[in-house]
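*Asks:* I have a structure here, written as structure tokens, and I will follow up with some questions on it.
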Amino acid sequence: MFALSGSDDYPSGICLKCTPDKAIELRDSYPDDILPGYHMNKKHWNTVLPLGNLPEKFIKNLIKDSYDLVVAGLPKKVREKLNISL
């Protein structure tokens, strides 16, 4: 799992996986737009709020980084089976 989106039960936003250092850096740089992951491990997850303050390309890069982080953690055999190369 690399992303979770909000629903009626949760604040609007998208939870994205991140390295611990990058998670803190992003929260410090964008305190109104990026928060610790809602109901997630705060060390590895951030919630990105779609308030219109962050450029779309920046958010897309955060999503890609989250996906790449999860894929990199998959066993090589699984990546090969899914035809995913890094």
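By order of appearance in the structure tokens: chains A, B, ..., then residues from 1 within every chain, and ligands from 1 in the order shown.
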Give the helix (DSSP H, G or I) residues of segment 12-84 of chain A, as DSSP finds them on the backbone, and put them as number ranges by chain.
*Replies:* A: 20-29, 56-72, 76-81
*Asks:* List the spatial neighbours of Tyr30 of chain A as a PyMOL selection string - criterion: any atom at most 10 Å away, only C-alpha atoms, same-chain residues fewer than 4 positions off excluded.
*Replies:* chain A and resi 24-26+34-35+48+53-54
*Asks:* With C-alpha atoms retained, write the just-selected residues as a short mmCIF file (atom, residue, chain, number, x, y, z; two decimals), in the first residue's frame.
*Replies:*
```cif
data_model
loop_
_atom_site.label_atom_id
_atom_site.label_comp_id
_atom_site.auth_asym_id
_atom_site.auth_seq_id
_atom_site.Cartn_x
_atom_site.Cartn_y
_atom_site.Cartn_z
CA ILE A 24 9.82 15.33 8.93
CA GLU A 25 11.34 17.62 6.29
CA LEU A 26 8.04 17.88 4.41
CA ILE A 34 1.43 18.20 5.13
CA LEU A 35 0.67 16.60 8.48
CA VAL A 48 -1.18 15.72 2.24
CA ASN A 53 -1.34 25.60 -1.78
CA LEU A 54 0.86 22.82 -3.20
#
```
*Asks:* Within 10 Å of segment 65-74 of chain A, counting only C-alpha atoms, which residues show up once you throw out same-chain ones fewer than 2 positions away? Write them as a list in words, please.
*Replies:*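 Neighbouring residues, sequence-local ones excluded: Met1, Phe2, Ala3, Cys15, Leu16, Lys17, Cys18, Thr19, His44, Trp45, Ile59, Lys60, Asn61, Leu62, Ile63, Lys76, Lys77, Val78, Arg79, Glu80, Ile84, Ser85 and Leu86 of chain A.
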*Asks:* Where in chain A does DSSP assign strand (DSSP E or B), given as a list in words?
*Replies:*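 Matching residues, listed in order: Ala3, Leu4, Ser5, Ile14, Cys15, Leu16, Lys17, Ile34, Leu35, Pro36, Trp45, Asn46, Thr47 and Val48 of chain A.
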*Asks:* What does the structure give for the distance between atom CA of Glu56 of chain A and atom CA of Ile14 of chain A, in Å to one decimal?
*Replies:*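 If I compute the distance from atom CA of Glu56 of chain A to atom CA of Ile14 of chain A, I get 13.2 Å.
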*Asks:* To one decimal place in Å, what is the distance between atom CA of Lys57 of chain A and atom CA of Asn41 of chain A?
*Replies:*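 Separation of atom CA of Lys57 of chain A and atom CA of Asn41 of chain A: 25.3 Å.
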*Asks:* Given the choices A:Gly13, A:Leu4, A:Lys81, A:Ser29, which gets closest to Leu51 of chain A if the distance is worked out from only C-alpha atoms?
*Replies:*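 Answer, going by the shortest atom-to-atom distance: A:Gly13.
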*Asks:* Rounded to one decimal place, report the atom CA of Tyr38 of chain A-atom CA of Gly52 of chain A distance in Å.
*Replies:*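 Separating atom CA of Tyr38 of chain A from atom CA of Gly52 of chain A is a distance of 19.3 Å.
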*Asks:* Which is closest to Asp21 of chain A among A:Leu82, A:Asn46, A:His39, A:Pro75, if we use only C-alpha atoms?
*Replies:*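 Once distances to Asp21 of chain A are computed over only C-alpha atoms, the minimum belongs to A:Asn46.
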